[in-house]
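Participant: This is the content of entry.cif (mmCIF, C-alpha atoms and all ligand atoms):
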```cif
data_structure
#
loop_
_atom_site.label_atom_id
_atom_site.label_comp_id
_atom_site.auth_asym_id
_atom_site.auth_seq_id
_atom_site.Cartn_x
_atom_site.Cartn_y
_atom_site.Cartn_z
CA MET A 10 91.74 78.25 108.94
CA SER A 11 89.55 79.93 106.31
CA VAL A 12 88.97 83.67 106.13
CA ARG A 13 85.35 84.59 106.93
CA ILE A 14 84.25 87.29 104.49
CA ALA A 15 81.22 89.59 104.44
CA PHE A 16 80.10 92.00 101.73
CA VAL A 17 78.57 95.46 101.75
CA GLY A 18 77.00 96.25 98.37
CA VAL A 19 76.25 93.27 96.18
CA GLY A 20 75.60 94.89 92.79
CA GLY A 21 77.68 94.52 89.63
CA ILE A 22 81.33 94.22 90.72
CA ALA A 23 80.48 92.26 93.87
CA GLN A 24 79.37 89.35 91.65
CA THR A 25 82.91 89.12 90.25
CA HIS A 26 84.43 89.07 93.75
CA LEU A 27 81.86 86.56 95.05
CA LYS A 28 82.68 84.20 92.19
CA ALA A 29 86.45 84.57 92.74
CA LEU A 30 86.22 84.12 96.52
CA HIS A 31 83.84 81.16 96.15
CA ALA A 32 86.55 79.47 94.07
CA ASN A 33 89.13 80.00 96.85
CA PRO A 34 89.18 77.12 99.37
CA ASP A 35 90.67 79.43 102.02
CA ALA A 36 87.74 81.88 101.84
CA GLU A 37 84.35 81.42 103.47
CA LEU A 38 81.53 83.70 102.29
CA VAL A 39 79.44 84.39 105.39
CA ALA A 40 77.17 87.42 104.88
CA ALA A 41 75.94 89.95 102.33
CA CYS A 42 74.52 93.38 103.15
CA ASP A 43 72.84 95.74 100.72
CA VAL A 44 70.44 98.65 101.14
CA ARG A 45 68.39 96.60 98.68
CA LEU A 46 67.59 93.54 100.75
CA ASP A 47 66.43 91.66 97.63
CA ARG A 48 70.00 91.89 96.27
CA ALA A 49 71.50 90.75 99.56
CA GLU A 50 69.07 87.82 99.63
CA ALA A 51 69.85 86.84 96.04
CA ALA A 52 73.62 86.81 96.70
CA ALA A 53 73.12 85.06 100.04
CA GLY A 54 70.93 82.40 98.41
CA GLN A 55 73.51 81.75 95.70
CA TYR A 56 76.52 81.44 98.00
CA GLY A 57 75.02 80.17 101.27
CA MET A 58 75.46 83.48 103.14
CA VAL A 59 73.19 85.34 105.58
CA ALA A 60 71.44 88.43 104.12
CA TYR A 61 71.34 91.81 105.87
CA SER A 62 70.29 95.37 105.10
CA ASP A 63 71.96 96.76 108.24
CA VAL A 64 75.77 96.82 108.32
CA ASP A 65 76.08 97.18 112.11
CA ARG A 66 73.86 94.18 112.71
CA MET A 67 75.82 92.14 110.19
CA LEU A 68 79.19 92.99 111.75
CA GLU A 69 77.85 92.38 115.26
CA GLN A 70 76.25 89.03 114.50
CA GLU A 71 78.65 87.54 111.95
CA LYS A 72 81.98 88.88 113.26
CA PRO A 73 83.70 88.45 109.86
CA ASP A 74 87.48 88.51 109.47
CA ALA A 75 87.23 90.71 106.37
CA LEU A 76 84.77 92.99 104.63
CA PHE A 77 84.50 93.67 100.90
CA LEU A 78 83.13 97.19 100.32
CA CYS A 79 81.52 97.27 96.88
CA VAL A 80 79.30 100.33 97.19
CA PRO A 81 79.20 103.23 94.68
CA PRO A 82 81.60 106.16 95.22
CA PHE A 83 78.98 108.36 96.94
CA ALA A 84 77.95 105.68 99.46
CA HIS A 85 81.06 105.07 101.57
CA SER A 86 79.79 107.13 104.55
CA ASP A 87 81.54 105.62 107.62
CA LEU A 88 81.63 102.00 106.43
CA GLU A 89 85.44 101.79 106.55
CA GLU A 90 85.49 103.20 110.09
CA LYS A 91 82.85 100.68 111.24
CA ALA A 92 84.99 97.79 110.00
CA ALA A 93 88.35 99.18 111.14
CA ARG A 94 87.16 99.90 114.68
CA ARG A 95 86.07 96.28 114.98
CA GLY A 96 89.43 95.03 113.68
CA VAL A 97 87.84 93.75 110.46
CA HIS A 98 90.24 93.75 107.47
CA LEU A 99 89.08 95.70 104.43
CA PHE A 100 88.97 95.31 100.69
CA VAL A 101 87.65 98.59 99.27
CA GLU A 102 86.62 98.95 95.64
CA LYS A 103 88.01 101.90 93.72
CA PRO A 104 87.55 104.84 93.84
CA LEU A 105 87.95 105.29 97.61
CA GLY A 106 85.43 108.13 97.63
CA LEU A 107 84.73 111.61 96.36
CA ASP A 108 86.09 113.74 99.19
CA MET A 109 89.80 113.77 100.08
CA SER A 110 89.29 114.90 103.67
CA ALA A 111 86.91 111.96 104.28
CA ILE A 112 89.34 109.56 102.58
CA ARG A 113 92.25 110.86 104.68
CA ALA A 114 90.21 110.49 107.86
CA LYS A 115 89.40 106.89 106.93
CA ALA A 116 93.08 106.20 106.18
CA SER A 117 93.98 107.49 109.59
CA VAL A 118 91.41 105.27 111.38
CA ILE A 119 92.58 102.28 109.31
CA ARG A 120 96.21 102.90 110.26
CA GLU A 121 95.37 103.30 113.93
CA ALA A 122 93.38 100.05 113.88
CA GLY A 123 96.32 98.23 112.26
CA ILE A 124 94.05 96.28 109.93
CA LEU A 125 94.94 95.20 106.41
CA ALA A 126 93.27 97.50 103.88
CA ALA A 127 93.52 96.77 100.16
CA ALA A 128 91.96 98.63 97.25
CA GLY A 129 90.49 97.30 94.01
CA TYR A 130 93.06 98.46 91.47
CA CYS A 131 92.88 95.05 89.85
CA LEU A 132 95.00 95.86 86.77
CA ARG A 133 98.09 95.84 88.98
CA TYR A 134 97.59 92.05 89.26
CA LEU A 135 97.94 91.53 85.49
CA ASP A 136 101.15 89.63 84.69
CA LEU A 137 102.06 92.25 82.07
CA ALA A 138 101.87 95.06 84.64
CA GLN A 139 104.59 93.26 86.60
CA GLN A 140 106.61 92.67 83.44
CA ALA A 141 106.29 96.35 82.47
CA LYS A 142 107.33 97.48 85.95
CA GLU A 143 110.33 95.16 85.84
CA TYR A 144 111.36 96.45 82.38
CA LEU A 145 111.15 100.06 83.57
CA ARG A 146 113.21 99.45 86.71
CA GLY A 147 116.18 101.84 86.64
CA LYS A 148 115.12 103.42 83.32
CA SER A 149 114.62 107.14 82.91
CA ILE A 150 111.07 108.05 81.80
CA ALA A 151 110.54 111.18 79.72
CA MET A 152 106.83 111.03 78.90
CA VAL A 153 103.68 109.10 79.84
CA ARG A 154 100.65 109.06 77.51
CA ALA A 155 97.54 107.40 78.88
CA GLN A 156 93.98 106.98 77.70
CA TYR A 157 90.62 105.52 78.68
CA MET A 158 88.19 105.83 75.79
CA CYS A 159 84.89 103.97 75.78
CA GLY A 160 81.11 104.22 75.62
CA PHE A 161 78.66 105.46 78.23
CA ALA A 162 78.11 103.32 81.36
CA GLU A 163 74.39 102.88 81.99
CA THR A 164 74.76 102.13 85.75
CA PRO A 165 72.14 104.58 87.16
CA TRP A 166 74.41 106.63 89.45
CA TRP A 167 77.29 106.86 86.95
CA ARG A 168 76.00 109.85 84.94
CA GLU A 169 75.65 112.09 88.01
CA LEU A 170 78.82 113.97 88.88
CA SER A 171 77.88 114.25 92.55
CA LEU A 172 77.36 110.47 92.81
CA SER A 173 80.17 108.97 90.71
CA GLY A 174 82.70 111.81 90.52
CA GLY A 175 82.70 111.49 86.72
CA GLN A 176 84.58 109.21 84.35
CA LEU A 177 88.12 110.21 85.40
CA VAL A 178 87.42 109.72 89.11
CA GLU A 179 85.32 106.56 88.81
CA GLN A 180 86.50 104.68 85.73
CA ALA A 181 89.68 106.09 84.19
CA THR A 182 91.08 105.99 87.73
CA HIS A 183 92.34 102.52 86.72
CA THR A 184 94.52 104.15 84.03
CA VAL A 185 95.65 106.95 86.33
CA ASP A 186 96.61 104.32 88.88
CA MET A 187 98.57 102.35 86.26
CA THR A 188 100.54 105.48 85.30
CA ARG A 189 101.43 105.92 88.99
CA TYR A 190 102.30 102.23 89.33
CA LEU A 191 104.65 102.31 86.34
CA ALA A 192 105.95 105.90 86.32
CA GLY A 193 105.79 106.90 89.98
CA ASP A 194 104.21 109.73 91.93
CA ILE A 195 102.32 112.55 90.23
CA GLU A 196 103.06 116.03 91.50
CA SER A 197 100.79 118.31 89.51
CA VAL A 198 97.82 118.26 87.14
CA TYR A 199 96.25 120.76 84.78
CA ALA A 200 92.94 119.57 83.37
CA ARG A 201 90.21 120.56 80.96
CA MET A 202 86.84 118.87 80.72
CA GLY A 203 84.14 119.08 78.04
CA PHE A 204 80.52 118.53 79.03
CA GLY A 205 78.66 118.37 75.70
CA GLN A 206 77.63 115.36 73.61
CA LEU A 207 75.47 113.63 76.26
CA GLU A 208 72.13 115.32 75.49
CA ASP A 209 70.46 111.93 74.95
CA LYS A 210 71.41 110.80 78.46
CA PRO A 211 68.83 112.43 80.79
CA GLY A 212 70.32 113.82 83.97
CA ALA A 213 73.93 113.39 82.84
CA THR A 214 76.19 115.95 84.55
CA ILE A 215 79.58 114.28 84.01
CA ALA A 216 82.16 115.35 81.46
CA SER A 217 82.14 113.54 78.12
CA VAL A 218 85.79 114.36 77.38
CA THR A 219 88.73 115.09 79.66
CA THR A 220 92.36 115.85 79.07
CA VAL A 221 94.88 116.15 81.88
CA SER A 222 98.42 117.44 81.60
CA VAL A 223 100.50 115.66 84.22
CA GLY A 224 103.80 116.38 85.96
CA TYR A 225 105.58 113.47 87.64
CA ALA A 226 107.87 113.67 90.66
CA SER A 227 110.62 112.11 88.51
CA GLY A 228 110.50 115.09 86.14
CA ALA A 229 108.62 113.16 83.44
CA ILE A 230 105.62 114.86 81.85
CA GLY A 231 102.53 113.32 80.33
CA CYS A 232 98.84 113.38 79.55
CA ILE A 233 95.74 111.39 80.41
CA ASP A 234 92.80 111.54 77.98
CA THR A 235 89.38 110.06 78.66
CA THR A 236 86.04 109.97 76.92
CA CYS A 237 82.76 108.09 77.30
CA ILE A 238 81.32 108.83 73.84
CA GLN A 239 83.11 106.20 71.78
CA PRO A 240 81.54 103.16 70.07
CA ASP A 241 84.44 100.92 71.19
CA TRP A 242 86.82 100.54 74.16
CA ARG A 243 90.52 101.49 74.28
CA SER A 244 92.59 101.87 77.38
CA GLY A 245 96.30 101.92 77.93
CA VAL A 246 99.49 103.55 79.00
CA GLU A 247 102.45 104.42 76.78
CA ILE A 248 105.80 105.16 78.44
CA ILE A 249 108.43 106.94 76.41
CA GLY A 250 112.14 107.19 77.15
CA ARG A 251 115.35 107.67 75.22
CA ASP A 252 115.40 104.94 72.53
CA TYR A 253 112.56 102.91 74.04
CA ARG A 254 108.75 102.91 74.18
CA LEU A 255 106.60 100.63 76.32
CA THR A 256 102.89 100.29 75.61
CA LEU A 257 100.52 98.41 77.92
CA SER A 258 97.13 98.31 76.25
CA GLY A 259 94.41 95.93 77.36
CA ARG A 260 96.05 92.51 77.56
CA THR A 261 98.99 93.33 75.27
CA LEU A 262 102.42 94.69 76.16
CA THR A 263 104.62 96.06 73.39
CA ILE A 264 108.22 97.11 73.93
CA LEU A 265 110.14 98.97 71.27
CA GLU A 266 113.86 99.24 72.01
CA GLY A 267 116.17 100.64 69.39
CA THR A 268 114.97 99.00 66.18
CA GLU A 269 113.44 95.91 67.83
CA THR A 270 109.81 95.46 68.82
CA GLN A 271 108.61 92.70 71.14
CA THR A 272 104.96 91.93 71.84
CA PHE A 273 103.61 89.92 74.79
CA GLN A 274 100.07 88.68 75.47
CA SER A 275 98.80 88.31 79.03
CA GLU A 276 98.54 84.81 80.43
CA THR A 277 96.56 85.95 83.49
CA ALA A 278 93.14 84.29 83.12
CA SER A 279 91.48 86.63 85.66
CA TYR A 280 93.26 89.44 87.42
CA PHE A 281 90.29 89.64 89.80
CA GLN A 282 91.01 86.06 90.89
CA VAL A 283 94.71 86.83 91.39
CA GLN A 284 93.82 89.99 93.34
CA ASP A 285 91.23 88.34 95.60
CA ASP A 286 93.45 85.30 96.22
CA ALA A 287 96.27 87.68 97.25
CA PHE A 288 93.92 89.42 99.69
CA VAL A 289 92.78 86.16 101.29
CA GLN A 290 96.38 84.99 101.58
CA ALA A 291 97.44 88.30 103.17
CA VAL A 292 94.67 88.10 105.78
CA ARG A 293 95.53 84.47 106.57
CA SER A 294 99.26 84.98 106.86
CA GLY A 295 99.52 88.55 108.11
CA ASP A 296 102.07 89.07 105.34
CA TRP A 297 100.87 91.99 103.19
CA SER A 298 103.65 91.82 100.62
CA GLY A 299 101.33 90.25 97.99
CA ILE A 300 98.99 93.27 98.09
CA ARG A 301 99.76 95.51 95.11
CA SER A 302 97.23 98.23 95.92
CA THR A 303 96.95 99.33 99.54
CA TYR A 304 94.40 101.82 100.83
CA ASP A 305 97.16 104.40 101.39
CA ASP A 306 98.46 104.00 97.85
CA ALA A 307 94.95 104.16 96.34
CA LEU A 308 94.44 107.36 98.31
CA GLU A 309 97.09 109.00 96.18
CA THR A 310 95.38 107.91 92.96
CA ALA A 311 92.12 109.38 94.27
CA GLU A 312 93.98 112.58 95.07
CA VAL A 313 95.25 112.89 91.48
CA THR A 314 91.80 112.42 89.93
CA LEU A 315 90.07 114.76 92.38
CA ALA A 316 92.82 117.36 91.89
CA ALA A 317 92.27 117.13 88.13
CA HIS A 318 88.60 117.87 88.70
CA GLU A 319 89.51 120.84 90.85
CA SER A 320 91.85 122.05 88.11
CA ALA A 321 89.19 121.76 85.40
CA VAL A 322 86.79 123.80 87.53
CA SER A 323 89.30 126.50 88.51
CA GLY A 324 91.17 126.62 85.21
CA GLN A 325 94.40 126.51 87.21
CA PRO A 326 97.08 123.84 87.62
CA VAL A 327 96.83 122.00 90.93
CA SER A 328 99.91 120.88 92.85
CA ILE A 329 99.54 117.52 94.51
CA ALA A 330 103.00 117.41 96.04
CA GLY A 331 102.14 120.54 98.01
CA SER A 332 99.15 119.02 99.71
CA ARG A 333 100.98 115.74 100.33
CA LEU A 334 104.01 117.42 101.81
CA GLY A 335 101.59 119.21 104.09
CA SER A 336 100.40 115.84 105.35
CA PRO A 337 103.57 113.89 106.17
CA GLU A 338 101.52 111.13 107.82
CA LEU A 339 100.26 110.22 104.35
CA ARG A 340 103.72 109.22 103.19
CA ARG A 341 104.20 105.46 103.03
N1 LIG B 1 87.59 97.07 89.91
C1 LIG B 1 86.79 97.19 88.88
O1 LIG B 1 87.18 96.88 87.75
C2 LIG B 1 85.39 97.70 89.09
C3 LIG B 1 84.41 97.42 88.11
C4 LIG B 1 83.13 97.90 88.35
C5 LIG B 1 82.84 98.68 89.48
N2 LIG B 1 83.83 98.95 90.36
C6 LIG B 1 83.58 99.81 91.54
O2 LIG B 1 82.77 99.11 92.49
C7 LIG B 1 81.88 100.02 93.13
C8 LIG B 1 80.45 99.51 92.93
O3 LIG B 1 80.16 99.52 91.55
P1 LIG B 1 79.03 98.56 90.94
O4 LIG B 1 79.19 98.65 89.47
O5 LIG B 1 79.05 97.23 91.59
O6 LIG B 1 77.71 99.37 91.38
P2 LIG B 1 76.23 98.80 91.50
O7 LIG B 1 75.34 99.98 91.52
O8 LIG B 1 76.02 97.72 90.48
O9 LIG B 1 76.23 98.08 92.94
C9 LIG B 1 76.38 98.80 94.13
C10 LIG B 1 75.52 98.11 95.20
O10 LIG B 1 75.73 98.79 96.43
C11 LIG B 1 74.47 98.92 97.08
N3 LIG B 1 74.57 100.01 98.05
C12 LIG B 1 74.59 101.34 97.82
N4 LIG B 1 74.75 102.01 98.99
C13 LIG B 1 74.85 101.07 99.97
C14 LIG B 1 75.03 101.15 101.36
N5 LIG B 1 75.18 102.32 102.01
N6 LIG B 1 75.06 100.00 102.07
C15 LIG B 1 74.93 98.81 101.45
N7 LIG B 1 74.76 98.68 100.11
C16 LIG B 1 74.72 99.81 99.38
C17 LIG B 1 73.50 99.14 95.95
O11 LIG B 1 72.16 98.85 96.34
C18 LIG B 1 74.02 98.17 94.90
O12 LIG B 1 73.47 96.88 95.04
C19 LIG B 1 82.13 101.39 92.51
O13 LIG B 1 82.99 102.14 93.32
C20 LIG B 1 82.82 101.07 91.19
O14 LIG B 1 83.70 102.07 90.76
C21 LIG B 1 85.09 98.46 90.20
#
```
Could you rewrite the structure in this file as structure tokens?

Facilitator:
Amino acid sequence: MSVRIAFVGVGGIAQTHLKALHANPDAELVAACDVRLDRAEAAAGQYGMVAYSDVDRMLEQEKPDALFLCVPPFAHSDLEEKAARRGVHLFVEKPLGLDMSAIRAKASVIREAGILAAAGYCLRYLDLAQQAKEYLRGKSIAMVRAQYMCGFAETPWWRELSLSGGQLVEQATHTVDMTRYLAGDIESVYARMGFGQLEDKPGATIASVTTVSVGYASGAIGCIDTTCIQPDWRSGVEIIGRDYRLTLSGRTLTILEGTETQTFQSETASYFQVQDDAFVQAVRSGDWSGIRSTYDDALETAEVTLAAHESAVSGQPVSIAGSRLGSPELRR
């Protein structure tokens, strides 16, 4: 039996998911909802779906098995709750939102509903991410250096801090998530942000440069640097231990051990396809083991990035372990 899927938000990233799901014989694209009905109609026309501009009407009439939420960070409102309370499984694009108390409340409703909820940390589905994780199994990590350096995203809401959360929260969250995936939980952050350099971008209120000093639960230390004022794109994670160094950068994994260096190129054609196929399979089978980014896990990545923002504003380190220990229900 195929999985009947509906969408909320059919802008940029939704096109990637629609294409991937269309290629999956076990997925049936049934409906698209967008506050811009013209976008919903365009997507619906292309993939044989029904177009809506009202989420409640869509859920009521189409009764989908699963909902892809592909709205911008500021627009989550109670969309997750609407789906969860109807027993509709969720795929939620990163970041989960801009407000931890709202994200926690959603996580709680999702858990109570017992639905499957996955998040869009697609890099976890790269073959090299698995290889890196396997290599690091049982190894002691001393330091984690991560970066996300690129140019300015012209998506209209991206430049506004109150709408996107800024580059670290919205974009470099992929890198933060990869550091957590490979090096484990983050316990504290101490961040600085620089806001200059964007004078030619009217209305821009996000930071142009960010540096975060990170403390891991394992005792490892590290940094995460981001900028959106570069002419090219570089993103990656470097993990340093006694006599080894692992670097996952783009689609290349390099492992230095002793005096030997090995380099691997990814063979994953599309990690979005792998991710969306895994979601469809999980909904069909009820076996969630193929999901590499759950809502609860993505919540912790959101917490790190939002805590870094808080730290940059206050000028003080922010402890993440403290707030998590205060909320034992958030532990997986
Ligand atoms: N996983 C990835 O690699 C990746 C890549 C790009 C974007 N994203 C994430 O996907 C999300 C969407 O980004 P995008 O680039 O597609 O943005 P976008 O602006 O291109 O598209 C968002 C769409 O949502 C619609 N929308 C907004 N509020 C809505 C609401 N309340 N109900 C229904 N529709 C609504 C907009 O009209 C628009 O069509 C963001 O959270 C972004 O971070 C993830």

Participant: Which residues are near ligand LIG 1 (chain B) - at most 8 Å, using all atoms listed in the file? Format: as a ChimeraX atom specification.

Facilitator: /A:17-24,42-45,48-49,62-64,78-86,88,102-106,129-132,164-166,173,179-180,183,281

Participant: With 12 Å as the cut-off and all atoms listed in the file counted, what is the closest atom pair between each nearby residue of segment 68-152 of chain A and segment 305-326 of chain A? Distances in Å to one decimal, ordered by chain and number, as a tab-separated table.

Facilitator:
```
residue	atom	partner	partner_atom	distance
A:Pro82	CA	A:Ala311	CA	11.0
A:Phe100	CA	A:Ala307	CA	11.5
A:Val101	CA	A:Ala307	CA	9.6
A:Glu102	CA	A:Ala307	CA	9.9
A:Lys103	CA	A:Ala307	CA	7.8
A:Pro104	CA	A:Ala311	CA	6.5
A:Leu105	CA	A:Ala311	CA	6.7
A:Gly106	CA	A:Ala311	CA	7.6
A:Leu107	CA	A:Leu315	CA	7.4
A:Asp108	CA	A:Leu315	CA	8.0
A:Met109	CA	A:Glu312	CA	6.6
A:Ser110	CA	A:Glu312	CA	10.1
A:Ala111	CA	A:Leu308	CA	10.7
A:Ile112	CA	A:Leu308	CA	7.0
A:Arg113	CA	A:Leu308	CA	7.6
A:Ala114	CA	A:Leu308	CA	10.9
A:Lys115	CA	A:Asp305	CA	9.9
A:Ala116	CA	A:Asp305	CA	6.5
A:Ser117	CA	A:Asp305	CA	9.3
A:Val118	CA	A:Asp305	CA	11.6
A:Ile119	CA	A:Asp305	CA	9.4
A:Arg120	CA	A:Asp305	CA	9.0
A:Leu125	CA	A:Asp305	CA	10.7
A:Ala126	CA	A:Asp305	CA	8.3
A:Ala127	CA	A:Ala307	CA	8.4
A:Ala128	CA	A:Ala307	CA	6.4
A:Gly129	CA	A:Ala307	CA	8.5
A:Tyr130	CA	A:Ala307	CA	7.7
A:Cys131	CA	A:Ala307	CA	11.4
A:Arg133	CA	A:Ala307	CA	11.5
```

Participant: Got a sec: who's within 12 Å of Glu269 of chain A, counting all atoms listed in the file, leaving out chain neighbours fewer than 5 positions off, as a PyMOL selection string?

Facilitator: chain A and resi 252-255+263-264

Participant: Pick out the residues sitting within 10 Å of Ala155 of chain A, and hand them over as a list of chain:residue names; count all atoms listed in the file, and ignore anything fewer than 2 positions along from it in its own chain.

Facilitator: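 Listed by chain and then number, they are A:Met152, A:Val153, A:Tyr157, A:Met158, A:Ala181, A:Thr184, A:Val185, A:Met187, A:Thr188, A:Thr220, A:Val221, A:Gly231, A:Cys232, A:Ile233, A:Asp234, A:Thr235, A:Ser244, A:Gly245, A:Val246, A:Glu247, A:Ile248, A:Thr256, A:Leu257, A:Ser258.
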
Participant: Please tell me which residues are no farther than 10 Å from (77.4, 77.7, 99.9) in the file, counting all atoms listed in the file, and write them as a ChimeraX atom specification.

Facilitator: /A:31,37-39,53-58

Participant: When you count all atoms listed in the file, which of these residues is closest to Ala36 of chain A: A:Gln290, A:Ser11, A:Ser298, A:Ser149?

Facilitator: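 With all atoms listed in the file as the atom set, the closest residue is A:Ser11.
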
Participant: So for segment 188-206 of chain A, what box centre and size do we get, axis-aligned, 8 Å extra on each of the six sides, every listed atom, Å to one decimal, as lines of an AutoDock Vina configuration file?

Facilitator:
```
center_x = 91.8
center_y = 111.5
center_z = 82.8
size_x = 44.3
size_y = 34.5
size_z = 34.3
```

Participant: Give the answer as one residue: which of A:Ala287, A:Ala93, A:Ala151, A:Ala141 has the shortest atom-to-atom distance to Gly123 of chain A, using only C-alpha atoms?

Facilitator: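 Of the candidates, the smallest distance to Gly123 of chain A is held by A:Ala93.
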
Participant: Can you tell me, as a PyMOL selection string, which residues sit within 6 Å of (75.3, 90.8, 105.6) in the file's frame, using all atoms listed in the file?

Facilitator: chain A and resi 40-42+59-61+67

Participant: May I ask which of the residues A:Asp74, A:Gly96, A:Ile150, A:Thr272 is the closest one to Met10 of chain A, counting all atoms listed in the file?

Facilitator: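 Using all atoms listed in the file, the shortest distance to Met10 of chain A belongs to A:Asp74.
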